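Structure below is run.csv: CSV, C-alpha atoms.
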```
chain,number,residue,atom,x,y,z
B,371,MET,CA,-3.3,-11.6,50.8
B,372,GLN,CA,-5.4,-9.1,48.8
B,373,ARG,CA,-2.6,-6.6,48.9
B,374,ILE,CA,-0.2,-9.2,47.5
B,375,ILE,CA,-2.6,-10.1,44.7
B,376,ALA,CA,-3.1,-6.5,43.9
B,377,PHE,CA,0.7,-5.9,43.8
B,378,VAL,CA,1.2,-8.9,41.5
B,379,LEU,CA,-1.5,-7.8,39.1
B,380,ALA,CA,0.0,-4.3,39.0
B,381,ALA,CA,3.4,-5.7,38.3
B,382,VAL,CA,2.1,-7.8,35.5
B,383,MET,CA,0.4,-4.8,33.9
B,384,VAL,CA,3.6,-2.7,34.1
B,385,LEU,CA,5.7,-5.6,32.7
B,386,SER,CA,3.2,-6.1,29.8
B,387,ALA,CA,3.2,-2.4,28.9
B,388,THR,CA,7.0,-2.4,29.1
B,389,ALA,CA,7.3,-5.5,26.9
B,390,ALA,CA,4.9,-4.0,24.3
B,391,PHE,CA,7.0,-0.9,24.1
B,392,ALA,CA,10.3,-2.8,24.0
B,393,PHE,CA,9.1,-4.9,21.0
B,394,THR,CA,8.0,-1.9,18.9
B,395,PRO,CA,10.8,-1.9,16.4
B,396,ASP,CA,12.9,1.1,15.6
B,397,ASN,CA,13.4,2.2,11.9
B,398,LYS,CA,16.5,0.0,11.6
B,399,GLU,CA,14.9,-3.1,12.9
B,400,LEU,CA,11.7,-2.4,10.9
B,401,THR,CA,13.7,-2.0,7.7
B,402,SER,CA,15.5,-5.3,8.4
B,403,ARG,CA,12.3,-7.2,9.1
B,404,LEU,CA,10.6,-5.9,6.0
B,405,GLY,CA,13.7,-6.7,4.0
B,406,LYS,CA,13.7,-10.3,5.1
B,407,ALA,CA,10.0,-10.7,4.2
B,408,TYR,CA,9.9,-8.8,0.9
B,409,GLY,CA,13.4,-7.7,-0.1
B,410,ALA,CA,13.8,-10.4,-2.7
B,411,LEU,CA,10.6,-9.3,-4.5
B,412,GLN,CA,12.0,-6.8,-7.0
B,413,SER,CA,9.3,-6.7,-9.7
B,414,TRP,CA,5.8,-7.9,-10.5
B,415,ARG,CA,2.7,-7.7,-12.6
B,416,VAL,CA,-0.8,-7.5,-11.1
B,417,GLU,CA,-4.3,-7.4,-12.5
B,418,MET,CA,-6.6,-5.1,-10.6
B,419,SER,CA,-10.4,-5.4,-10.9
B,420,PHE,CA,-13.2,-3.6,-9.1
B,421,PRO,CA,-16.3,-5.6,-7.9
B,422,GLU,CA,-18.6,-2.6,-8.2
B,423,PHE,CA,-17.3,-1.9,-11.7
B,424,PRO,CA,-17.0,-5.3,-13.4
B,425,ASP,CA,-16.3,-3.8,-16.9
B,426,VAL,CA,-13.2,-2.0,-15.8
B,427,ARG,CA,-9.7,-3.5,-15.3
B,428,ALA,CA,-6.2,-2.1,-14.7
B,429,THR,CA,-2.8,-3.8,-15.1
B,430,VAL,CA,0.1,-2.6,-13.0
B,431,TRP,CA,3.7,-3.4,-13.5
B,432,GLN,CA,6.4,-2.4,-11.0
B,433,HIS,CA,10.2,-2.8,-10.9
B,434,GLY,CA,11.9,-1.2,-8.0
B,435,PRO,CA,10.5,2.3,-7.8
B,436,ARG,CA,9.2,2.3,-11.4
B,437,TRP,CA,5.7,1.5,-12.3
B,438,ARG,CA,3.4,1.3,-15.3
B,439,GLN,CA,-0.4,1.3,-15.4
B,440,GLU,CA,-2.9,0.4,-18.2
B,441,TRP,CA,-6.6,0.9,-17.8
B,442,ARG,CA,-9.3,-0.5,-20.1
B,443,SER,CA,-13.0,-1.2,-20.4
B,444,ALA,CA,-15.4,-2.2,-23.2
B,445,SER,CA,-16.4,1.4,-23.7
B,446,MET,CA,-12.9,2.6,-24.4
B,447,SER,CA,-11.4,2.7,-27.9
B,448,ALA,CA,-7.8,2.4,-26.5
B,449,GLU,CA,-6.1,1.9,-23.2
B,450,ALA,CA,-5.2,4.7,-20.9
B,451,VAL,CA,-1.6,4.4,-19.8
B,452,ALA,CA,0.9,6.0,-17.4
B,453,VAL,CA,4.4,5.4,-16.1
B,454,GLY,CA,6.0,6.9,-13.0
B,455,SER,CA,7.9,6.2,-9.9
B,456,VAL,CA,7.7,6.7,-6.1
B,457,SER,CA,8.1,10.4,-6.8
B,458,GLY,CA,4.9,10.5,-8.8
B,459,VAL,CA,3.4,10.2,-12.3
B,460,GLY,CA,6.1,10.8,-15.0
B,461,ALA,CA,4.0,10.5,-18.2
B,462,ALA,CA,0.3,9.8,-18.7
B,463,CYS,CA,-2.4,9.7,-21.3
B,464,PRO,CA,-4.8,11.2,-20.0
B,465,SER,CA,-2.9,13.6,-17.8
B,466,ASP,CA,-4.9,13.1,-14.5
B,467,PHE,CA,-3.8,9.6,-13.5
B,468,PRO,CA,-3.8,8.0,-10.1
B,469,LEU,CA,-0.9,6.4,-8.4
B,470,PRO,CA,-1.4,2.6,-8.3
B,471,PRO,CA,-2.7,1.5,-4.9
B,472,THR,CA,-0.2,-1.4,-5.0
B,473,LEU,CA,2.7,1.1,-5.0
B,474,PHE,CA,2.0,1.7,-1.3
B,475,TRP,CA,2.1,-2.0,-0.6
B,476,ASN,CA,5.7,-2.5,-1.4
B,477,MET,CA,8.3,0.1,-2.5
B,478,PRO,CA,12.0,0.7,-2.1
B,479,GLY,CA,12.9,2.7,1.0
B,480,GLN,CA,9.4,2.0,2.4
B,481,VAL,CA,10.3,3.0,6.0
B,482,ALA,CA,11.9,6.2,4.8
B,483,TYR,CA,8.8,7.0,2.8
B,484,TRP,CA,6.5,6.4,5.7
B,485,LYS,CA,8.6,8.8,7.8
B,486,SER,CA,8.6,11.5,5.1
B,487,ALA,CA,4.8,11.1,5.0
B,488,GLY,CA,4.5,11.8,8.7
B,489,VAL,CA,4.4,8.3,10.2
B,490,ASP,CA,6.2,8.8,13.5
B,491,ASN,CA,7.9,5.6,14.6
B,492,ALA,CA,8.3,6.9,18.1
B,493,THR,CA,4.6,6.2,18.6
B,494,GLY,CA,3.1,2.8,18.1
B,495,GLY,CA,1.4,-0.2,19.6
B,496,PHE,CA,-0.4,-3.5,18.9
B,497,GLY,CA,-3.9,-4.2,17.7
B,498,PHE,CA,-6.0,-6.4,15.4
B,499,ALA,CA,-6.8,-5.9,11.8
B,500,GLY,CA,-9.5,-8.4,11.4
B,501,ASP,CA,-8.0,-11.6,12.7
B,502,HIS,CA,-4.4,-10.4,12.2
B,503,PRO,CA,-2.4,-9.4,15.3
B,504,SER,CA,-0.9,-6.2,14.1
B,505,LEU,CA,2.0,-3.9,14.7
B,506,ILE,CA,0.8,-0.3,14.6
B,507,ILE,CA,3.4,2.4,13.6
B,508,GLY,CA,2.7,6.1,14.0
B,509,ALA,CA,-0.3,6.1,16.2
B,510,ASP,CA,-1.7,4.6,19.4
B,511,PRO,CA,-4.4,2.0,18.9
B,512,GLY,CA,-7.7,3.7,18.1
B,513,ASP,CA,-6.2,7.0,17.2
B,514,GLU,CA,-7.3,7.9,13.6
B,515,SER,CA,-6.0,11.4,13.7
B,516,LYS,CA,-2.4,10.6,12.7
B,517,PRO,CA,-0.7,9.0,9.7
B,518,GLN,CA,-0.1,5.3,10.5
B,519,VAL,CA,0.9,1.9,9.1
B,520,TRP,CA,-0.4,-1.5,10.2
B,521,LEU,CA,1.7,-4.6,9.6
B,522,ASP,CA,1.0,-8.3,10.3
B,523,ASN,CA,3.1,-8.9,13.5
B,524,GLU,CA,4.3,-12.3,12.2
B,525,THR,CA,4.7,-12.0,8.4
B,526,MET,CA,5.3,-8.2,8.2
B,527,ALA,CA,2.6,-8.1,5.4
B,528,LEU,CA,1.2,-4.5,5.0
B,529,LEU,CA,-2.4,-4.5,6.2
B,530,ARG,CA,-3.1,-0.8,6.3
B,531,VAL,CA,-1.5,2.6,5.4
B,532,ARG,CA,-3.2,5.8,6.4
B,533,LEU,CA,-1.6,9.0,5.1
B,534,ALA,CA,-2.6,12.7,5.3
B,535,GLY,CA,-3.2,14.3,1.9
B,536,SER,CA,-4.9,17.5,0.8
B,537,GLY,CA,-8.4,17.5,2.1
B,538,GLY,CA,-8.1,14.6,4.5
B,539,PHE,CA,-6.7,11.1,4.8
B,540,MET,CA,-6.1,8.5,2.2
B,541,ASP,CA,-6.5,5.0,3.7
B,542,ILE,CA,-5.6,1.8,1.9
B,543,ARG,CA,-6.3,-1.6,3.5
B,544,PHE,CA,-5.0,-4.9,2.0
B,545,ARG,CA,-6.8,-8.1,2.8
B,546,GLN,CA,-7.0,-11.8,2.0
B,547,TYR,CA,-3.3,-12.6,1.9
B,548,SER,CA,-2.1,-15.8,0.3
B,549,PHE,CA,1.3,-17.4,-0.3
B,550,LYS,CA,2.4,-17.0,-3.9
B,551,GLY,CA,5.9,-17.3,-5.5
B,552,GLY,CA,7.5,-17.4,-2.1
B,553,PHE,CA,5.8,-14.2,-0.8
B,554,GLN,CA,2.6,-13.2,1.1
B,555,VAL,CA,0.5,-11.1,-1.4
B,556,PRO,CA,-2.9,-9.6,-0.9
B,557,GLU,CA,-5.8,-10.6,-3.1
B,558,ALA,CA,-8.1,-7.8,-2.2
B,559,GLY,CA,-8.3,-4.4,-0.6
B,560,VAL,CA,-10.1,-1.1,-0.3
B,561,VAL,CA,-9.1,2.5,-0.8
B,562,GLN,CA,-10.8,5.4,1.1
B,563,VAL,CA,-9.9,8.7,-0.5
B,564,PRO,CA,-9.9,12.1,1.4
B,565,SER,CA,-13.5,12.8,0.2
B,566,GLY,CA,-14.6,9.7,2.1
B,567,ARG,CA,-15.5,7.7,-1.0
B,568,THR,CA,-14.3,4.1,-1.1
B,569,VAL,CA,-13.2,1.9,-3.9
B,570,GLU,CA,-12.9,-1.9,-3.4
B,571,PHE,CA,-10.4,-3.9,-5.6
B,572,ALA,CA,-9.3,-7.4,-6.2
B,573,LEU,CA,-5.8,-8.4,-7.2
B,574,GLU,CA,-4.5,-11.2,-9.3
B,575,TRP,CA,-0.7,-11.5,-9.2
B,576,THR,CA,1.5,-12.7,-12.1
B,577,ASP,CA,5.1,-12.5,-13.1
B,578,LEU,CA,6.5,-12.1,-9.6
B,579,ASN,CA,10.1,-11.1,-10.2
B,580,GLY,CA,9.5,-11.2,-14.0
B,581,ALA,CA,8.6,-7.6,-14.9
B,582,ALA,CA,12.0,-5.9,-15.2
B,583,ASP,CA,12.0,-5.1,-18.9
B,584,PRO,CA,13.0,-1.4,-19.1
B,585,ALA,CA,10.7,-0.9,-22.2
B,586,LEU,CA,7.7,-1.3,-19.9
B,587,TYR,CA,8.6,1.9,-18.0
B,588,ASP,CA,9.7,4.0,-21.0
B,589,ALA,CA,7.8,7.4,-21.1
B,590,SER,CA,8.6,8.5,-24.6
B,591,ALA,CA,5.7,6.8,-26.4
B,592,ILE,CA,3.3,7.9,-23.8
B,593,ARG,CA,4.4,11.5,-24.1
B,594,SER,CA,4.0,11.4,-27.8
B,595,ALA,CA,0.5,10.0,-27.5
B,596,ALA,CA,-0.4,12.7,-24.9
B,597,MET,CA,0.8,15.5,-27.3
B,598,THR,CA,-1.9,14.5,-29.8
B,599,GLY,CA,-4.6,15.1,-27.1
B,600,ASP,CA,-6.4,11.8,-28.1
B,601,CYS,CA,-6.3,10.1,-24.7
B,602,PRO,CA,-9.2,8.0,-23.5
B,603,THR,CA,-10.4,8.5,-20.0
B,604,PRO,CA,-11.5,5.3,-18.2
B,605,PRO,CA,-14.9,5.3,-16.5
B,606,ALA,CA,-15.3,5.1,-12.7
B,607,PRO,CA,-13.6,4.3,-10.4
B,608,PHE,CA,-10.7,5.9,-12.3
B,609,ASP,CA,-11.8,9.5,-11.4
B,610,THR,CA,-12.2,8.7,-7.7
B,611,LEU,CA,-8.7,7.2,-7.4
B,612,ALA,CA,-7.2,10.0,-9.6
B,613,ALA,CA,-8.6,12.6,-7.3
B,614,GLY,CA,-7.8,10.8,-4.1
B,615,LEU,CA,-4.4,9.2,-4.7
B,616,SER,CA,-3.0,12.3,-6.4
B,617,ALA,CA,-3.4,14.2,-3.1
B,618,VAL,CA,-1.1,11.8,-1.2
B,619,PRO,CA,2.5,13.1,-0.5
B,620,VAL,CA,5.2,11.3,-2.5
B,621,ARG,CA,8.9,11.5,-2.0
B,622,GLN,CA,11.7,12.6,-4.2
B,623,GLU,CA,14.1,9.7,-5.1
```

For the structure just supplied, provide its representation as structure tokens.
Amino acid sequence: MQRIIAFVLAAVMVLSATAAFAFTPDNKELTSRLGKAYGALQSWRVEMSFPEFPDVRATVWQHGPRWRQEWRSASMSAEAVAVGSVSGVGAACPSDFPLPPTLFWNMPGQVAYWKSAGVDNATGGFGFAGDHPSLIIGADPGDESKPQVWLDNETMALLRVRLAGSGGFMDIRFRQYSFKGGFQVPEAGVVQVPSGRTVEFALEWTDLNGAADPALYDASAIRSAAMTGDCPTPPAPFDTLAAGLSAVPVRQE
């Protein structure tokens, strides 16, 4: 009887491991599942604030691969502004500008970008991000040495992206998801830059699928302002994000 029980338990363990491996999606399936969840979300506007720095706010617009950021605080005489795309910052005033953290949350060709950034879909597993059963792409559970992505196993919401940059890893975690405009969107998150410093942020989403105006992403006015050299630099945490997110690999479109 004991041998039979031991055999049954061993068989269950093997079948469980095989099932977990079988349900780890390949790139095609992963792209399909993400497309069903977020493919209809083409543009947005989001207000980003920072609990540790209540005087500082940033607004981010994104349409497809294109984005615009404006930073402001009471101490600034004008807004700092930049436009860019998945391939990086295109025009900025001042010149050292971070990529928006929300760019990593949803971008065209996301699976291809993860692959180009070193996330190996051949390795993966399942774990928990807080209370969320999560699909882990790029690393075994508990392995922090590799680039990896964590997705909610049910909604495909991005919970974590950990990418290697110059000087170490950049780690962004998105939290407190809510249902808005037909999509699951995060209301908070935290960025850990390669130096180890962290920046917490809160998100207020507006204009879902209502930020497609090409004028928002026009670089000409920003380049003209940058040529004058009269560009305000926002206070912290702008410098931390600029140093950390600029070290993250971006892809050519």

field: For B:Arg532: contacts at 12 Å, all atoms listed in the file, fewer than 4 positions along chain excluded, given as a PyMOL selection string
entry: chain B and resi 474-475+484+487-489+506-509+513-521+528+538-544+560-564+615+618-619

Under the rule of at most 10 Å, produce a per-residue listing of stretch 513-576 of chain B near stretch 408-431 of chain B: chain, number, name, the closest pair of atoms, and the distance in Å, as CSV, using all atoms listed in the file.
```
residue,atom,partner,partner_atom,distance
B:Thr525,CA,B:Tyr408,CA,9.7
B:Met526,CA,B:Tyr408,CA,8.6
B:Ala527,CA,B:Tyr408,CA,8.6
B:Gly551,CA,B:Leu411,CA,9.3
B:Gly552,CA,B:Leu411,CA,9.0
B:Phe553,CA,B:Tyr408,CA,7.0
B:Gln554,CA,B:Tyr408,CA,8.5
B:Val555,CA,B:Tyr408,CA,9.9
B:Glu557,CA,B:Met418,CA,9.3
B:Ala558,CA,B:Met418,CA,8.9
B:Gly559,CA,B:Phe420,CA,9.8
B:Val560,CA,B:Phe420,CA,9.7
B:Val569,CA,B:Phe420,CA,7.6
B:Glu570,CA,B:Phe420,CA,6.0
B:Phe571,CA,B:Phe420,CA,4.5
B:Ala572,CA,B:Ser419,CA,5.2
B:Leu573,CA,B:Met418,CA,4.8
B:Glu574,CA,B:Glu417,CA,5.0
B:Trp575,CA,B:Val416,CA,4.4
B:Thr576,CA,B:Arg415,CA,5.2
```

Let's have the selection written as a compact mmCIF listing (two decimals), in the frame of the given file, with C-alpha atoms.
```txt
# COMPACT_ATOMS: atom_id res chain seq x y z
CA THR B 525 4.70 -12.00 8.40
CA MET B 526 5.30 -8.20 8.20
CA ALA B 527 2.60 -8.10 5.40
CA GLY B 551 5.90 -17.30 -5.50
CA GLY B 552 7.50 -17.40 -2.10
CA PHE B 553 5.80 -14.20 -0.80
CA GLN B 554 2.60 -13.20 1.10
CA VAL B 555 0.50 -11.10 -1.40
CA GLU B 557 -5.80 -10.60 -3.10
CA ALA B 558 -8.10 -7.80 -2.20
CA GLY B 559 -8.30 -4.40 -0.60
CA VAL B 560 -10.10 -1.10 -0.30
CA VAL B 569 -13.20 1.90 -3.90
CA GLU B 570 -12.90 -1.90 -3.40
CA PHE B 571 -10.40 -3.90 -5.60
CA ALA B 572 -9.30 -7.40 -6.20
CA LEU B 573 -5.80 -8.40 -7.20
CA GLU B 574 -4.50 -11.20 -9.30
CA TRP B 575 -0.70 -11.50 -9.20
CA THR B 576 1.50 -12.70 -12.10
```

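In this model, the gap between atom CA of B:Ala589 and atom CA of B:Ala613 comes to 22.1 Å.
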
query: Nearest to B:Pro435 among B:Ala585, B:Val531, B:Leu473, B:Ala482, with distances taken over all atoms listed in the file: which residue is it?
result: B:Leu473

task: Using atom CA of B:Arg438 and atom CA of B:Val451 as the two end points, give the distance in Å to one decimal.
output: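 About the pair atom CA of B:Arg438 and atom CA of B:Val451: they are 7.4 Å apart.
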
query: For B:Pro556, which residue among B:Thr610, B:Ser445, B:Asn476, B:Thr493 is the nearest when counting only C-alpha atoms?
result: B:Asn476

task: Calculate how many Å separate atom CA of B:Glu524 from atom CA of B:Thr568, rounding to one decimal.
output: 28.1 Å

message: Using only C-alpha atoms, can you tell me which of B:Lys485, B:Arg442, B:Lys398, B:Arg403 comes closest to B:Val620?
response: B:Lys485

field: Contacts of B:Leu586 at 9 Å (only C-alpha atoms; same-chain gap of 2+ positions) as an MDAnalysis selection string
entry: chainID B and resid 431 437:438 453 581:584 588:589

Mind writing the picked residues with C-alpha atoms as a PDB file, in the coordinates of the input?
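Output below, filename out_11.pdb:
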```pdb
ATOM      1  CA  TRP B 431       3.700  -3.400 -13.500  1.00  0.00           C
ATOM      2  CA  TRP B 437       5.700   1.500 -12.300  1.00  0.00           C
ATOM      3  CA  ARG B 438       3.400   1.300 -15.300  1.00  0.00           C
ATOM      4  CA  VAL B 453       4.400   5.400 -16.100  1.00  0.00           C
ATOM      5  CA  ALA B 581       8.600  -7.600 -14.900  1.00  0.00           C
ATOM      6  CA  ALA B 582      12.000  -5.900 -15.200  1.00  0.00           C
ATOM      7  CA  ASP B 583      12.000  -5.100 -18.900  1.00  0.00           C
ATOM      8  CA  PRO B 584      13.000  -1.400 -19.100  1.00  0.00           C
ATOM      9  CA  ASP B 588       9.700   4.000 -21.000  1.00  0.00           C
ATOM     10  CA  ALA B 589       7.800   7.400 -21.100  1.00  0.00           C
TER      11      ALA B 589
END
```

task: Would you please work out which residue, of B:Gly537, B:Gly458, B:Gly614, B:Gly580, is nearest to B:Arg567 when using all atoms listed in the file?
output: B:Gly614

Save stretch 421-448 of chain B of the structure in the block above to a file, with N, CA and C atoms included, as a compact mmCIF listing (two decimals), in the first residue's frame.
```txt
# COMPACT_ATOMS: atom_id res chain seq x y z
N PRO B 421 4.34 59.95 -4.08
CA PRO B 421 4.01 60.14 -2.67
C PRO B 421 5.11 60.80 -1.85
N GLU B 422 6.37 60.51 -2.15
CA GLU B 422 7.47 61.10 -1.38
C GLU B 422 7.79 62.52 -1.83
N PHE B 423 7.24 62.93 -2.97
CA PHE B 423 7.52 64.26 -3.51
C PHE B 423 6.19 64.88 -3.96
N PRO B 424 5.36 65.30 -3.01
CA PRO B 424 3.99 65.72 -3.34
C PRO B 424 3.90 66.97 -4.21
N ASP B 425 4.99 67.72 -4.33
CA ASP B 425 4.97 68.94 -5.13
C ASP B 425 5.22 68.67 -6.62
N VAL B 426 5.62 67.46 -6.96
CA VAL B 426 6.05 67.15 -8.33
C VAL B 426 5.01 66.26 -9.00
N ARG B 427 4.69 66.62 -10.25
CA ARG B 427 3.76 65.81 -11.03
C ARG B 427 4.28 65.71 -12.46
N ALA B 428 3.89 64.64 -13.13
CA ALA B 428 4.22 64.46 -14.53
C ALA B 428 2.98 63.97 -15.27
N THR B 429 2.82 64.44 -16.48
CA THR B 429 1.74 63.96 -17.35
C THR B 429 2.37 63.22 -18.52
N VAL B 430 1.83 62.06 -18.82
CA VAL B 430 2.34 61.24 -19.93
C VAL B 430 1.20 60.97 -20.90
N TRP B 431 1.45 61.25 -22.17
CA TRP B 431 0.57 60.85 -23.25
C TRP B 431 1.27 59.77 -24.05
N GLN B 432 0.50 58.82 -24.57
CA GLN B 432 1.09 57.82 -25.46
C GLN B 432 0.08 57.43 -26.52
N HIS B 433 0.58 57.32 -27.75
CA HIS B 433 -0.23 56.83 -28.86
C HIS B 433 0.64 55.88 -29.67
N GLY B 434 0.29 54.58 -29.63
CA GLY B 434 1.15 53.60 -30.27
C GLY B 434 2.54 53.64 -29.64
N PRO B 435 3.59 53.74 -30.44
CA PRO B 435 4.94 53.79 -29.88
C PRO B 435 5.36 55.18 -29.42
N ARG B 436 4.57 56.22 -29.75
CA ARG B 436 4.96 57.60 -29.46
C ARG B 436 4.47 58.04 -28.10
N TRP B 437 5.30 58.84 -27.42
CA TRP B 437 4.91 59.34 -26.11
C TRP B 437 5.34 60.79 -25.94
N ARG B 438 4.71 61.46 -24.99
CA ARG B 438 5.05 62.82 -24.58
C ARG B 438 5.00 62.88 -23.07
N GLN B 439 5.96 63.59 -22.47
CA GLN B 439 5.98 63.80 -21.02
C GLN B 439 6.10 65.29 -20.71
N GLU B 440 5.38 65.73 -19.68
CA GLU B 440 5.54 67.08 -19.15
C GLU B 440 5.67 66.98 -17.63
N TRP B 441 6.72 67.57 -17.09
CA TRP B 441 6.97 67.59 -15.65
C TRP B 441 6.82 69.01 -15.13
N ARG B 442 6.29 69.13 -13.91
CA ARG B 442 6.09 70.45 -13.33
C ARG B 442 6.13 70.37 -11.80
N SER B 443 6.43 71.50 -11.19
CA SER B 443 6.36 71.66 -9.74
C SER B 443 6.23 73.16 -9.46
N ALA B 444 5.89 73.49 -8.23
CA ALA B 444 5.70 74.90 -7.86
C ALA B 444 6.99 75.69 -7.98
N SER B 445 8.12 75.04 -7.88
CA SER B 445 9.41 75.74 -7.95
C SER B 445 9.89 76.00 -9.36
N MET B 446 9.19 75.48 -10.36
CA MET B 446 9.63 75.61 -11.74
C MET B 446 8.92 76.77 -12.43
N SER B 447 9.65 77.52 -13.23
CA SER B 447 9.07 78.65 -13.96
C SER B 447 8.34 78.20 -15.22
N ALA B 448 8.65 76.99 -15.72
CA ALA B 448 8.01 76.43 -16.90
C ALA B 448 8.06 74.91 -16.79
```
